[in-house]
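Reproduced below: run_15.cif, with mmCIF, C-alpha atoms.
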data_coords
loop_
_atom_site.label_atom_id
_atom_site.label_comp_id
_atom_site.auth_asym_id
_atom_site.auth_seq_id
_atom_site.Cartn_x
_atom_site.Cartn_y
_atom_site.Cartn_z
CA MET A 1 79.72 -1.82 -119.36
CA THR A 2 79.73 1.98 -119.53
CA ASP A 3 77.74 3.67 -116.76
CA ASP A 4 75.64 6.24 -118.59
CA THR A 5 74.83 8.09 -115.35
CA THR A 6 78.38 9.50 -115.22
CA LEU A 7 78.20 10.98 -118.72
CA PRO A 8 77.74 14.77 -118.85
CA PHE A 9 74.53 16.40 -120.04
CA TRP A 10 73.52 19.97 -120.76
CA PHE A 11 71.12 22.67 -119.65
CA PRO A 12 70.33 25.92 -121.50
CA ALA A 13 73.14 28.47 -121.34
CA ILE A 14 73.01 31.13 -118.64
CA ARG A 15 74.21 34.65 -119.60
CA GLY A 16 76.22 33.28 -122.48
CA LYS A 17 77.95 30.56 -120.48
CA LYS A 18 77.55 26.90 -121.33
CA LEU A 19 75.92 24.85 -118.56
CA THR A 20 76.90 21.18 -118.19
CA ALA A 21 76.18 18.62 -115.49
CA ALA A 22 77.02 15.04 -114.56
CA PHE A 23 76.48 12.61 -111.70
CA ASP A 24 80.14 12.64 -110.73
CA GLY A 25 80.12 14.68 -107.50
CA GLY A 26 81.60 11.89 -105.43
CA ARG A 27 80.40 10.78 -101.99
CA LEU A 28 77.23 12.86 -101.95
CA SER A 29 73.83 11.90 -100.61
CA SER A 30 70.39 13.43 -101.03
CA ASN A 31 69.26 11.75 -97.81
CA GLY A 32 71.41 13.47 -95.20
CA GLY A 33 68.48 13.66 -92.79
CA VAL A 34 68.42 9.88 -92.51
CA MET A 35 70.93 10.38 -89.70
CA LEU A 36 68.11 11.87 -87.59
CA LEU A 37 66.01 8.77 -88.20
CA ALA A 38 68.96 6.57 -87.30
CA GLU A 39 69.33 8.39 -83.96
CA ALA A 40 65.63 7.82 -83.25
CA ALA A 41 65.94 4.16 -84.24
CA ARG A 42 68.89 3.66 -81.89
CA ARG A 43 67.09 5.37 -79.01
CA MET A 44 64.02 3.17 -79.49
CA GLY A 45 66.00 0.05 -80.39
CA ILE A 46 63.27 -0.64 -82.90
CA ALA A 47 65.24 -2.76 -85.40
CA GLU A 48 66.87 -4.85 -82.68
CA LYS A 49 63.53 -5.50 -80.97
CA LEU A 50 61.91 -6.62 -84.23
CA ALA A 51 64.88 -8.79 -85.19
CA ALA A 52 64.92 -10.46 -81.76
CA VAL A 53 61.57 -12.21 -82.37
CA ILE A 54 62.36 -13.46 -85.90
CA PRO A 55 64.30 -16.75 -86.00
CA ASP A 56 67.59 -16.36 -87.89
CA ARG A 57 68.75 -19.81 -88.99
CA ARG A 58 71.76 -18.60 -90.97
CA ASP A 59 75.26 -19.77 -90.12
CA PRO A 60 76.60 -16.98 -87.84
CA THR A 61 80.12 -17.39 -89.26
CA ARG A 62 78.93 -16.55 -92.75
CA VAL A 63 76.50 -13.72 -92.03
CA VAL A 64 77.48 -10.47 -93.76
CA HIS A 65 74.30 -8.50 -93.02
CA PRO A 66 72.82 -8.93 -89.51
CA LEU A 67 69.03 -9.20 -89.46
CA SER A 68 68.65 -6.02 -87.38
CA GLU A 69 70.67 -4.12 -89.99
CA ILE A 70 68.53 -5.48 -92.83
CA LEU A 71 65.35 -4.40 -91.08
CA LEU A 72 66.83 -1.01 -90.19
CA ALA A 73 67.87 -0.29 -93.78
CA ARG A 74 64.41 -1.21 -95.06
CA ILE A 75 62.66 0.92 -92.41
CA LEU A 76 64.91 3.92 -93.07
CA ALA A 77 64.31 3.62 -96.82
CA ILE A 78 60.54 3.59 -96.33
CA ALA A 79 60.71 6.66 -94.10
CA CYS A 80 62.77 8.50 -96.74
CA GLY A 81 60.22 7.73 -99.46
CA TYR A 82 61.73 4.57 -100.97
CA GLU A 83 58.85 2.18 -100.39
CA ASP A 84 60.06 -0.65 -102.66
CA ALA A 85 62.77 -3.13 -101.71
CA ASP A 86 64.18 -2.63 -105.24
CA ASP A 87 65.39 0.80 -104.13
CA LEU A 88 67.96 -0.84 -101.85
CA ASP A 89 69.96 -1.84 -104.94
CA ALA A 90 70.79 1.85 -105.42
CA LEU A 91 70.77 2.93 -101.78
CA ARG A 92 73.20 0.22 -100.68
CA THR A 93 76.10 2.51 -101.69
CA ASP A 94 74.55 5.74 -100.41
CA PRO A 95 77.05 7.13 -97.85
CA ALA A 96 74.35 8.54 -95.54
CA PHE A 97 72.44 5.26 -95.47
CA LYS A 98 75.65 3.34 -94.77
CA LEU A 99 76.40 5.64 -91.84
CA ALA A 100 72.84 5.32 -90.59
CA CYS A 101 73.21 1.54 -90.56
CA GLY A 102 76.55 1.70 -88.74
CA ARG A 103 78.89 1.21 -91.71
CA LEU A 104 81.70 3.50 -92.83
CA PRO A 105 80.85 5.38 -96.04
CA GLU A 106 83.99 4.44 -98.04
CA SER A 107 85.93 1.68 -96.33
CA GLY A 108 82.83 -0.12 -95.07
CA THR A 109 81.13 -2.82 -97.13
CA ASP A 110 77.97 -1.89 -99.00
CA LEU A 111 74.54 -2.54 -97.57
CA MET A 112 72.37 -5.49 -98.54
CA SER A 113 70.71 -5.79 -101.96
CA GLN A 114 67.04 -6.18 -102.79
CA PRO A 115 66.97 -10.02 -102.86
CA THR A 116 68.30 -10.17 -99.30
CA VAL A 117 65.61 -7.73 -98.11
CA SER A 118 62.86 -9.57 -99.96
CA ARG A 119 63.87 -12.92 -98.49
CA TRP A 120 63.46 -11.55 -94.99
CA GLU A 121 60.15 -9.90 -95.81
CA ASN A 122 58.88 -13.36 -96.73
CA ALA A 123 60.64 -15.25 -93.91
CA PRO A 124 58.40 -14.63 -90.83
CA GLY A 125 55.66 -17.16 -90.18
CA LEU A 126 52.34 -16.61 -88.44
CA ARG A 127 53.75 -17.06 -84.93
CA ASP A 128 56.61 -14.68 -85.73
CA LEU A 129 54.12 -12.05 -86.92
CA VAL A 130 52.14 -12.38 -83.70
CA ARG A 131 55.34 -11.68 -81.76
CA LEU A 132 56.12 -8.74 -84.06
CA GLY A 133 52.68 -7.32 -83.31
CA ARG A 134 53.43 -7.53 -79.59
CA VAL A 135 56.69 -5.69 -80.17
CA MET A 136 54.75 -2.84 -81.78
CA VAL A 137 52.42 -2.70 -78.76
CA ASP A 138 55.47 -2.74 -76.47
CA LEU A 139 56.92 0.21 -78.38
CA TYR A 140 53.66 2.10 -77.93
CA CYS A 141 53.57 1.48 -74.19
CA ALA A 142 57.26 2.37 -73.84
CA SER A 143 56.60 5.71 -75.57
CA TYR A 144 54.98 6.96 -72.33
CA SER A 145 57.51 8.03 -69.73
CA THR A 146 54.97 7.52 -66.95
CA LEU A 147 52.00 5.19 -66.66
CA PRO A 148 48.92 7.02 -68.05
CA GLU A 149 45.70 7.11 -66.09
CA ALA A 150 43.60 6.61 -69.22
CA VAL A 151 44.00 6.18 -72.97
CA VAL A 152 41.53 6.22 -75.85
CA LEU A 153 42.30 3.86 -78.73
CA ASP A 154 40.66 4.37 -82.12
CA ILE A 155 40.04 1.25 -84.18
CA ASP A 156 39.12 1.44 -87.85
CA ASP A 157 39.56 -0.47 -91.08
CA THR A 158 40.63 1.05 -94.39
CA VAL A 159 40.56 -0.13 -97.98
CA ASP A 160 43.80 -1.42 -99.48
CA VAL A 161 43.22 -2.13 -103.18
CA VAL A 162 45.16 -5.08 -104.61
CA HIS A 163 46.12 -5.73 -108.21
CA GLY A 164 46.33 -9.50 -108.31
CA HIS A 165 45.15 -12.55 -106.43
CA GLN A 166 47.06 -12.19 -103.18
CA GLN A 167 46.05 -14.29 -100.21
CA LEU A 168 43.16 -12.75 -98.20
CA SER A 169 42.15 -10.41 -101.03
CA LEU A 170 38.41 -10.36 -101.68
CA PHE A 171 36.05 -8.36 -103.86
CA ASN A 172 34.26 -5.70 -101.82
CA ALA A 173 31.03 -4.41 -103.38
CA HIS A 174 31.09 -1.16 -101.37
CA TYR A 175 34.46 -0.13 -102.81
CA ASP A 176 33.88 -2.00 -106.10
CA GLU A 177 37.44 -3.29 -105.81
CA ARG A 178 39.34 -6.43 -104.96
CA CYS A 179 41.07 -5.43 -101.74
CA PHE A 180 42.22 -5.98 -98.18
CA LEU A 181 40.57 -4.18 -95.27
CA PRO A 182 43.41 -3.91 -92.73
CA ILE A 183 42.59 -2.74 -89.21
CA HIS A 184 44.48 0.26 -87.85
CA VAL A 185 44.57 1.13 -84.15
CA TYR A 186 45.91 4.51 -82.97
CA ASP A 187 46.25 6.53 -79.82
CA THR A 188 44.75 9.52 -81.57
CA ALA A 189 45.53 12.04 -78.83
CA THR A 190 49.27 11.51 -79.41
CA GLY A 191 49.22 10.26 -83.00
CA ARG A 192 51.00 7.05 -81.98
CA PRO A 193 50.33 3.76 -83.80
CA VAL A 194 49.34 0.78 -81.69
CA ALA A 195 48.52 -2.09 -84.06
CA MET A 196 48.15 -2.78 -87.80
CA ILE A 197 46.42 -6.03 -88.79
CA LEU A 198 46.11 -7.28 -92.35
CA ARG A 199 42.76 -8.95 -92.99
CA PRO A 200 40.39 -9.94 -95.82
CA GLY A 201 38.48 -7.35 -97.83
CA LYS A 202 35.19 -7.80 -95.98
CA THR A 203 33.49 -6.19 -93.00
CA PRO A 204 34.84 -7.73 -89.78
CA SER A 205 32.50 -9.95 -87.78
CA GLY A 206 31.86 -9.50 -84.09
CA THR A 207 33.85 -12.62 -83.22
CA GLU A 208 36.84 -11.38 -85.23
CA VAL A 209 36.79 -7.90 -83.71
CA ARG A 210 36.45 -9.35 -80.21
CA GLY A 211 39.54 -11.47 -80.82
CA HIS A 212 41.59 -8.48 -82.00
CA VAL A 213 40.45 -6.31 -79.09
CA ARG A 214 41.10 -9.08 -76.55
CA ARG A 215 44.67 -9.66 -77.74
CA LEU A 216 45.39 -5.94 -77.92
CA VAL A 217 44.06 -5.16 -74.44
CA ARG A 218 45.92 -8.11 -72.90
CA ALA A 219 49.17 -6.94 -74.48
CA ILE A 220 48.66 -3.43 -73.10
CA ARG A 221 47.65 -4.71 -69.64
CA ARG A 222 51.04 -6.43 -69.34
CA HIS A 223 52.53 -2.92 -69.13
CA TRP A 224 49.62 -0.91 -67.73
CA PRO A 225 47.50 -3.05 -65.39
CA THR A 226 45.59 -0.10 -63.92
CA THR A 227 45.23 2.22 -66.93
CA ARG A 228 41.65 2.87 -68.02
CA ILE A 229 41.29 1.88 -71.68
CA THR A 230 38.54 3.19 -73.95
CA ILE A 231 37.94 1.61 -77.36
CA ARG A 232 36.36 3.93 -79.92
CA GLY A 233 35.09 2.95 -83.36
CA ASP A 234 32.36 3.34 -85.95
CA GLY A 235 29.37 1.10 -86.54
CA HIS A 236 31.53 -1.77 -87.90
CA TYR A 237 32.71 -2.41 -84.35
CA CYS A 238 29.39 -2.05 -82.57
CA ARG A 239 28.96 -5.80 -82.18
CA PRO A 240 27.36 -7.59 -79.21
CA GLU A 241 30.42 -9.83 -78.80
CA VAL A 242 32.72 -6.82 -78.51
CA MET A 243 30.51 -4.89 -76.08
CA ASP A 244 29.96 -7.95 -73.88
CA TRP A 245 33.71 -8.62 -73.69
CA CYS A 246 34.53 -4.99 -72.89
CA GLU A 247 31.95 -4.89 -70.10
CA ALA A 248 33.22 -8.16 -68.66
CA HIS A 249 36.85 -6.99 -68.59
CA GLY A 250 36.57 -3.38 -67.43
CA VAL A 251 37.16 -1.75 -70.81
CA ASP A 252 35.17 1.33 -71.80
CA TYR A 253 33.81 1.69 -75.31
CA VAL A 254 31.95 4.15 -77.50
CA PHE A 255 30.77 2.93 -80.89
CA GLY A 256 28.64 4.33 -83.66
CA LEU A 257 25.20 2.74 -83.76
CA THR A 258 22.94 2.26 -86.77
CA GLY A 259 19.59 3.96 -86.37
CA THR A 260 16.34 1.98 -86.21
CA LYS A 261 12.65 2.81 -85.96
CA ALA A 262 12.69 1.79 -82.30
CA LEU A 263 15.53 4.20 -81.55
CA ALA A 264 13.91 7.01 -83.52
CA ALA A 265 10.72 6.57 -81.52
CA LYS A 266 12.64 6.94 -78.24
CA VAL A 267 14.08 10.34 -79.19
CA GLU A 268 11.08 11.56 -81.17
CA GLY A 269 10.08 14.10 -78.52
CA VAL A 270 13.44 15.90 -78.61
CA ALA A 271 13.63 15.55 -82.39
CA ASP A 272 10.21 17.15 -82.82
CA ASP A 273 11.18 20.10 -80.63
CA ILE A 274 14.33 20.66 -82.70
CA ARG A 275 12.39 20.35 -85.94
CA VAL A 276 9.77 22.86 -84.79
CA GLU A 277 12.40 25.32 -83.53
CA ARG A 278 14.17 25.31 -86.89
CA ALA A 279 10.92 25.85 -88.77
CA ILE A 280 9.60 28.65 -86.52
CA GLU A 281 12.86 30.59 -86.45
CA ASP A 282 13.58 29.79 -90.11
CA LYS A 283 17.16 28.72 -89.40
CA ASP A 284 19.41 26.80 -91.75
CA ALA A 285 20.16 24.21 -89.08
CA VAL A 286 19.40 23.47 -85.44
CA ARG A 287 21.29 20.80 -83.53
CA GLY A 288 20.44 19.11 -80.26
CA PHE A 289 21.21 15.96 -78.28
CA ALA A 290 19.18 13.31 -76.55
CA GLU A 291 19.91 10.32 -74.35
CA THR A 292 18.07 7.04 -73.88
CA THR A 293 18.61 3.37 -73.17
CA HIS A 294 18.22 0.68 -75.77
CA ALA A 295 18.47 -3.08 -76.11
CA ALA A 296 18.61 -4.59 -79.59
CA LYS A 297 17.42 -8.17 -80.02
CA SER A 298 20.99 -9.43 -80.28
CA TRP A 299 22.13 -7.60 -77.13
CA THR A 300 22.26 -9.19 -73.70
CA ARG A 301 21.29 -6.02 -71.82
CA GLU A 302 20.14 -2.42 -72.16
CA ARG A 303 22.86 0.09 -72.90
CA ARG A 304 23.24 3.86 -72.86
CA VAL A 305 22.65 5.54 -76.23
CA SER A 306 23.40 9.16 -77.12
CA ALA A 307 21.77 10.77 -80.16
CA ARG A 308 22.86 13.80 -82.16
CA ILE A 309 19.77 15.32 -83.80
CA GLU A 310 20.11 17.95 -86.51
CA ALA A 311 17.25 19.58 -88.38
CA THR A 312 18.10 21.35 -91.64
CA ARG A 313 16.16 22.65 -94.60
CA LEU A 314 16.70 19.23 -96.18
CA GLY A 315 15.15 17.31 -93.32
CA LEU A 316 16.10 15.57 -90.09
CA ASP A 317 19.38 13.75 -89.51
CA ILE A 318 19.95 11.60 -86.41
CA ARG A 319 23.20 9.84 -85.48
CA TYR A 320 23.61 7.47 -82.53
CA VAL A 321 26.44 6.18 -80.37
CA VAL A 322 26.32 3.44 -77.74
CA THR A 323 28.59 3.34 -74.71
CA ASN A 324 29.13 1.80 -71.29
CA ILE A 325 30.49 5.09 -69.91
CA ALA A 326 28.10 6.28 -67.23
CA THR A 327 29.39 9.84 -66.85
CA GLY A 328 29.11 12.90 -69.09
CA THR A 329 26.25 14.47 -70.97
CA ALA A 330 24.84 13.22 -74.25
CA GLU A 331 26.45 16.18 -76.03
CA TRP A 332 29.87 15.43 -74.53
CA LEU A 333 29.64 11.76 -75.46
CA TYR A 334 28.89 12.46 -79.09
CA ALA A 335 30.42 15.83 -79.94
CA ASP A 336 33.56 15.67 -77.79
CA LEU A 337 34.37 12.02 -77.20
CA TYR A 338 33.05 10.17 -80.24
CA CYS A 339 33.66 12.79 -82.94
CA ALA A 340 37.31 13.08 -81.91
CA ARG A 341 37.83 9.75 -83.68
CA GLY A 342 37.86 11.72 -86.93
CA GLN A 343 41.54 12.45 -86.32
CA ALA A 344 42.23 8.74 -86.76
CA GLU A 345 41.31 9.12 -90.42
CA ASN A 346 44.14 11.62 -90.82
CA LEU A 347 46.58 9.23 -89.15
CA ILE A 348 45.52 6.45 -91.51
CA LYS A 349 46.22 8.79 -94.42
CA LEU A 350 49.71 9.44 -93.06
CA HIS A 351 50.27 5.69 -92.89
CA LYS A 352 48.82 4.87 -96.30
CA ALA A 353 49.43 7.85 -98.53
CA GLN A 354 52.62 9.34 -97.06
CA LEU A 355 54.37 6.13 -96.03
CA ALA A 356 52.97 3.99 -98.87
CA SER A 357 51.76 1.19 -96.60
CA GLU A 358 49.38 0.11 -99.37
CA ARG A 359 52.37 -1.55 -101.07
CA THR A 360 51.06 -4.96 -100.03
CA ASN A 361 51.99 -6.57 -103.34
CA CYS A 362 53.37 -9.87 -102.06
CA ARG A 363 51.61 -13.11 -102.84
CA ALA A 364 51.65 -14.39 -99.25
CA ALA A 365 49.54 -12.72 -96.58
CA THR A 366 52.36 -13.20 -94.06
CA ALA A 367 54.74 -11.16 -96.23
CA ASN A 368 52.17 -8.38 -96.59
CA GLN A 369 51.65 -8.31 -92.80
CA MET A 370 55.42 -8.03 -92.43
CA ARG A 371 55.34 -5.02 -94.73
CA LEU A 372 52.69 -3.40 -92.53
CA VAL A 373 55.02 -3.89 -89.55
CA LEU A 374 57.94 -2.29 -91.41
CA HIS A 375 55.86 0.68 -92.56
CA THR A 376 54.56 1.15 -89.01
CA ALA A 377 58.15 1.15 -87.76
CA ALA A 378 58.93 3.90 -90.31
CA TYR A 379 55.90 5.80 -88.97
CA TRP A 380 57.40 5.58 -85.47
CA LEU A 381 60.72 7.04 -86.62
CA ILE A 382 59.24 10.06 -88.41
CA LEU A 383 56.87 10.62 -85.49
CA ALA A 384 59.86 10.59 -83.12
CA VAL A 385 61.56 13.27 -85.21
CA ARG A 386 58.42 15.40 -85.33
CA ASP A 387 57.80 15.05 -81.59
CA ALA A 388 61.32 16.35 -80.92
CA ILE A 389 60.60 19.60 -82.78
CA PRO A 390 59.87 22.51 -80.41
CA LYS A 391 56.12 23.10 -80.14
CA ALA A 392 56.44 26.72 -81.25
CA HIS A 393 58.13 25.75 -84.52
CA ALA A 394 56.13 25.72 -87.75
CA LEU A 395 57.02 22.07 -88.39
CA ALA A 396 55.85 20.83 -84.99
CA LYS A 397 52.55 19.65 -86.49
CA ALA A 398 53.69 19.15 -90.08
CA GLU A 399 52.65 16.14 -92.11
CA PHE A 400 55.16 13.42 -92.81
CA THR A 401 55.77 14.47 -96.40
CA THR A 402 56.71 17.95 -95.18
CA ILE A 403 59.05 16.51 -92.54
CA ARG A 404 60.63 14.35 -95.23
CA LEU A 405 61.06 17.24 -97.65
CA ARG A 406 62.43 19.73 -95.12
CA LEU A 407 64.50 17.53 -92.80
CA LEU A 408 65.24 14.17 -94.43
CA LYS A 409 65.87 14.94 -98.10
CA VAL A 410 68.87 17.10 -97.30
CA ALA A 411 72.00 17.15 -99.46
CA ALA A 412 75.22 16.12 -97.74
CA ARG A 413 78.83 15.45 -98.71
CA VAL A 414 80.40 12.60 -96.75
CA THR A 415 84.17 12.30 -96.41
CA GLU A 416 86.08 9.62 -94.55
CA THR A 417 89.64 10.02 -93.30
CA ALA A 418 91.83 7.78 -91.20
CA SER A 419 90.47 9.15 -87.92
CA ARG A 420 87.01 10.54 -88.61
CA VAL A 421 83.98 10.80 -90.86
CA ARG A 422 82.66 14.25 -91.72
CA VAL A 423 79.20 15.03 -93.03
CA ALA A 424 78.99 18.45 -94.70
CA PHE A 425 75.48 19.78 -95.21
CA ALA A 426 74.58 22.61 -97.58
CA SER A 427 75.54 26.06 -96.27
CA ALA A 428 72.22 27.45 -97.48
CA GLY A 429 70.12 24.89 -95.59
CA PRO A 430 66.88 26.69 -94.58
CA ASP A 431 66.33 24.48 -91.49
CA ALA A 432 69.93 24.29 -90.31
CA VAL A 433 69.16 25.57 -86.79
CA LEU A 434 66.31 23.09 -86.30
CA PHE A 435 68.37 20.24 -87.78
CA ARG A 436 71.20 20.91 -85.33
CA HIS A 437 68.75 21.00 -82.43
CA LEU A 438 67.19 17.68 -83.46
CA ALA A 439 70.55 15.97 -83.88
CA THR A 440 71.24 16.77 -80.22
CA SER A 441 67.79 16.16 -78.72
CA ILE A 442 67.09 12.82 -80.45
CA ARG A 443 70.51 11.39 -79.61
CA PRO A 444 70.25 8.29 -77.38
CA ALA A 445 71.37 8.73 -73.80
CA VAL A 446 74.89 7.47 -73.17
CA PRO A 447 74.69 4.50 -70.75
#
Since I need it in another form, could you write the structure as structure tokens?
Amino acid sequence: MTDDTTLPFWFPAIRGKKLTAAFDGGRLSSNGGVMLLAEAARRMGIAEKLAAVIPDRRDPTRVVHPLSEILLARILAIACGYEDADDLDALRTDPAFKLACGRLPESGTDLMSQPTVSRWENAPGLRDLVRLGRVMVDLYCASYSTLPEAVVLDIDDTVDVVHGHQQLSLFNAHYDERCFLPIHVYDTATGRPVAMILRPGKTPSGTEVRGHVRRLVRAIRRHWPTTRITIRGDGHYCRPEVMDWCEAHGVDYVFGLTGTKALAAKVEGVADDIRVERAIEDKDAVRGFAETTHAAKSWTRERRVSARIEATRLGLDIRYVVTNIATGTAEWLYADLYCARGQAENLIKLHKAQLASERTNCRAATANQMRLVLHTAAYWLILAVRDAIPKAHALAKAEFTTIRLRLLKVAARVTETASRVRVAFASAGPDAVLFRHLATSIRPAVP
């Protein structure tokens, strides 16, 4: 059949000269920056580590595409903005992607097609996914060159709307949608992902959250037995089971706490002073902090509670957090420690909106969890590229879409000769100096 993409087409004439175009430029790629991601993937060994925990029952003598290569191609495609496995049907001949996966651009065989990728997305079972989750935690711990004294992990769930009847999907009245509510865990101070857990579209129970926290902390303790771990989350995670477990196992926590009449009565003195000060001085807002101890009926003991009290012209607003941290003022606990969890929302947006991790369209929950793992791996690669950018550079804190546009979606001509492969980037590349620096700094150390 005739390939219509090679037929010429026209643009309006420029200064009296006819302007024609066609997709016949030869071994060109619009994804030249994928080579940077490939260097980061090799340095981390991310595809090999994931493949090592997935059973491969194929006949080794007949394997054309190793499992690690299949996973690497899928992860690289996600990072470059191709979130669907269908895109591999076109990318399998892309010279830059072939180089990134360790194949020669012309003489090497093409990459795998979409059916091969989809089969492996659906292959892992529940036990395999548990091992994959541990690999992601191992990658997080290995990202620190030295053992940290303390880390703060933000845990939160986010809505993932579904458009069918996938396993685990439920109708959630708050979002008025049928959805999943996957749990995301980040080291917010560094922007590094720790765990992504697919789960039903309902608020997690205390028993469920305790199980997730227990498995996560145990996986981290295998690498960092003495590191002080703080779990931070909103009111969804302020459950007696979670707080009891954290206190019993030396884990700090700070959780949002729903206000009650009993709590309001305990901070009424401070709240009244703030309310009176705002009224007397006729200010738009006056903020203050108070500290008390509280024991709800479902709790096993009294716990420290910090309250942020704000009086405005609209009335009084009080927010509470509960913690087992004995040090620090009430203001520090709320304004500095707890409110810093807001950055986790931005990291979730990077994961969902800019890496399309909401593409959980598979029927089986295991396949959708596998997709979360692959999208998290893509997050790691782009984060590795961004972390290698000099701090003084404008892109050092850029969002992932900006990194993709400026450094990954770069035109390149790939030529292969008998002795070498040459990648020629555009002479007018605006980030050529940075690109060259990254190609050197991300390169894995030669053993």
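For the point (49.6, -5.2, -86.1), the residues with an atom at a distance of at most 7 Å are Gly133, Ala195, Met196, Ile197 and Val373 of chain A, counting only C-alpha atoms.
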Which distance in Å separates CA of Ala123 in chain A and CA of Asn368 in chain A, to one decimal?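 It comes out at 11.2 Å.
For the set A:Glu345, A:Asp86, A:Glu39, A:Asp284, the residue with the smallest atom-to-atom gap to Val117 in chain A is A:Asp86, counting only C-alpha atoms.
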Taking into account all atoms listed in the file, which residue in the set A:Gly164, A:Pro182, A:Pro124, A:Gly269 is nearest to Arg57 in chain A? A:Pro124
Under the rule that all atoms listed in the file are counted, which of A:Met35, A:Leu139, A:Leu374, A:Ala398 is the nearest residue to Arg359 in chain A?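 Counting all atoms listed in the file, the residue closest to Arg359 in chain A is A:Leu374.
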Please evaluate the PyMOL selection byres ((chain A and resi 61-70) around 7) against the displayed coordinates and give the resulting residues as a PDB file with C-alpha atoms, keeping the file's coordinate frame.
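To be explicit, this is the file written out as expr.pdb:
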ATOM      1  CA  ALA A  47      65.240  -2.760 -85.400  1.00  0.00           C
ATOM      2  CA  GLU A  48      66.870  -4.850 -82.680  1.00  0.00           C
ATOM      3  CA  ALA A  51      64.880  -8.790 -85.190  1.00  0.00           C
ATOM      4  CA  ARG A  58      71.760 -18.600 -90.970  1.00  0.00           C
ATOM      5  CA  ASP A  59      75.260 -19.770 -90.120  1.00  0.00           C
ATOM      6  CA  PRO A  60      76.600 -16.980 -87.840  1.00  0.00           C
ATOM      7  CA  LEU A  71      65.350  -4.400 -91.080  1.00  0.00           C
ATOM      8  CA  LEU A  72      66.830  -1.010 -90.190  1.00  0.00           C
ATOM      9  CA  ALA A  73      67.870  -0.290 -93.780  1.00  0.00           C
ATOM     10  CA  ARG A  74      64.410  -1.210 -95.060  1.00  0.00           C
ATOM     11  CA  CYS A 101      73.210   1.540 -90.560  1.00  0.00           C
ATOM     12  CA  MET A 112      72.370  -5.490 -98.540  1.00  0.00           C
ATOM     13  CA  VAL A 117      65.610  -7.730 -98.110  1.00  0.00           C
TER      14      VAL A 117
END
Which of these, A:Lys349, A:Arg420, A:Lys397, A:Arg363, has the shortest distance to Val162 in chain A once you count all atoms listed in the file?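 Comparing A:Lys349, A:Arg420, A:Lys397, A:Arg363 against Val162 in chain A, the winner is A:Arg363.
CA of His351 in chain A sits 9.2 Å away from CA of Ala378 in chain A.
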Taking (45.5, -0.5, -64.4) in the file's coordinates as the center, which residues reach within 9 Å of it, counting all atoms listed in the file, put as a list in words?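 Every polymer residue passing the test: Leu147, Glu149, Ala150, Arg221, His223, Trp224, Pro225, Thr226, Thr227, Arg228 and Ile229 of chain A.
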Can you work out which one of A:Leu76, A:Leu7, A:Ile183, A:Val321 has the shortest atom-to-atom distance to Ala41 in chain A, counting all atoms listed in the file? A:Leu76
Enumerate, as a VMD selection string, the residues matched when the PyMOL selection byres ((chain A and resi 298-304) around 10) is run on the file above. chain A and resid 239 to 241 243 to 244 254 291 to 297 305 to 306 321 to 326 330
With N, CA and C atoms retained, output range 6-16 of chain A as a compact mmCIF listing (two decimals), in the first residue's frame.
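Output saved as part21.txt:
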# COMPACT_ATOMS: atom_id res chain seq x y z
N THR A 6 4.66 9.99 3.00
CA THR A 6 5.83 10.40 2.20
C THR A 6 5.44 11.31 1.05
N LEU A 7 4.14 11.49 0.80
CA LEU A 7 3.71 12.35 -0.29
C LEU A 7 3.93 13.81 0.08
N PRO A 8 4.31 14.65 -0.89
CA PRO A 8 4.56 16.07 -0.59
C PRO A 8 3.27 16.83 -0.31
N PHE A 9 3.40 17.92 0.42
CA PHE A 9 2.27 18.81 0.66
C PHE A 9 2.80 20.23 0.62
N TRP A 10 1.90 21.20 0.67
CA TRP A 10 2.29 22.58 0.38
C TRP A 10 1.93 23.52 1.51
N PHE A 11 2.74 24.58 1.61
CA PHE A 11 2.47 25.72 2.47
C PHE A 11 2.36 26.96 1.60
N PRO A 12 1.81 28.04 2.11
CA PRO A 12 1.73 29.28 1.30
C PRO A 12 3.12 29.73 0.83
N ALA A 13 3.16 30.28 -0.35
CA ALA A 13 4.42 30.72 -0.95
C ALA A 13 5.05 31.84 -0.12
N ILE A 14 6.37 31.85 -0.10
CA ILE A 14 7.14 32.86 0.62
C ILE A 14 7.94 33.67 -0.40
N ARG A 15 7.66 34.99 -0.48
CA ARG A 15 8.35 35.90 -1.40
C ARG A 15 8.39 35.34 -2.83
N GLY A 16 7.24 34.84 -3.23
CA GLY A 16 7.10 34.38 -4.61
C GLY A 16 7.64 33.00 -4.88
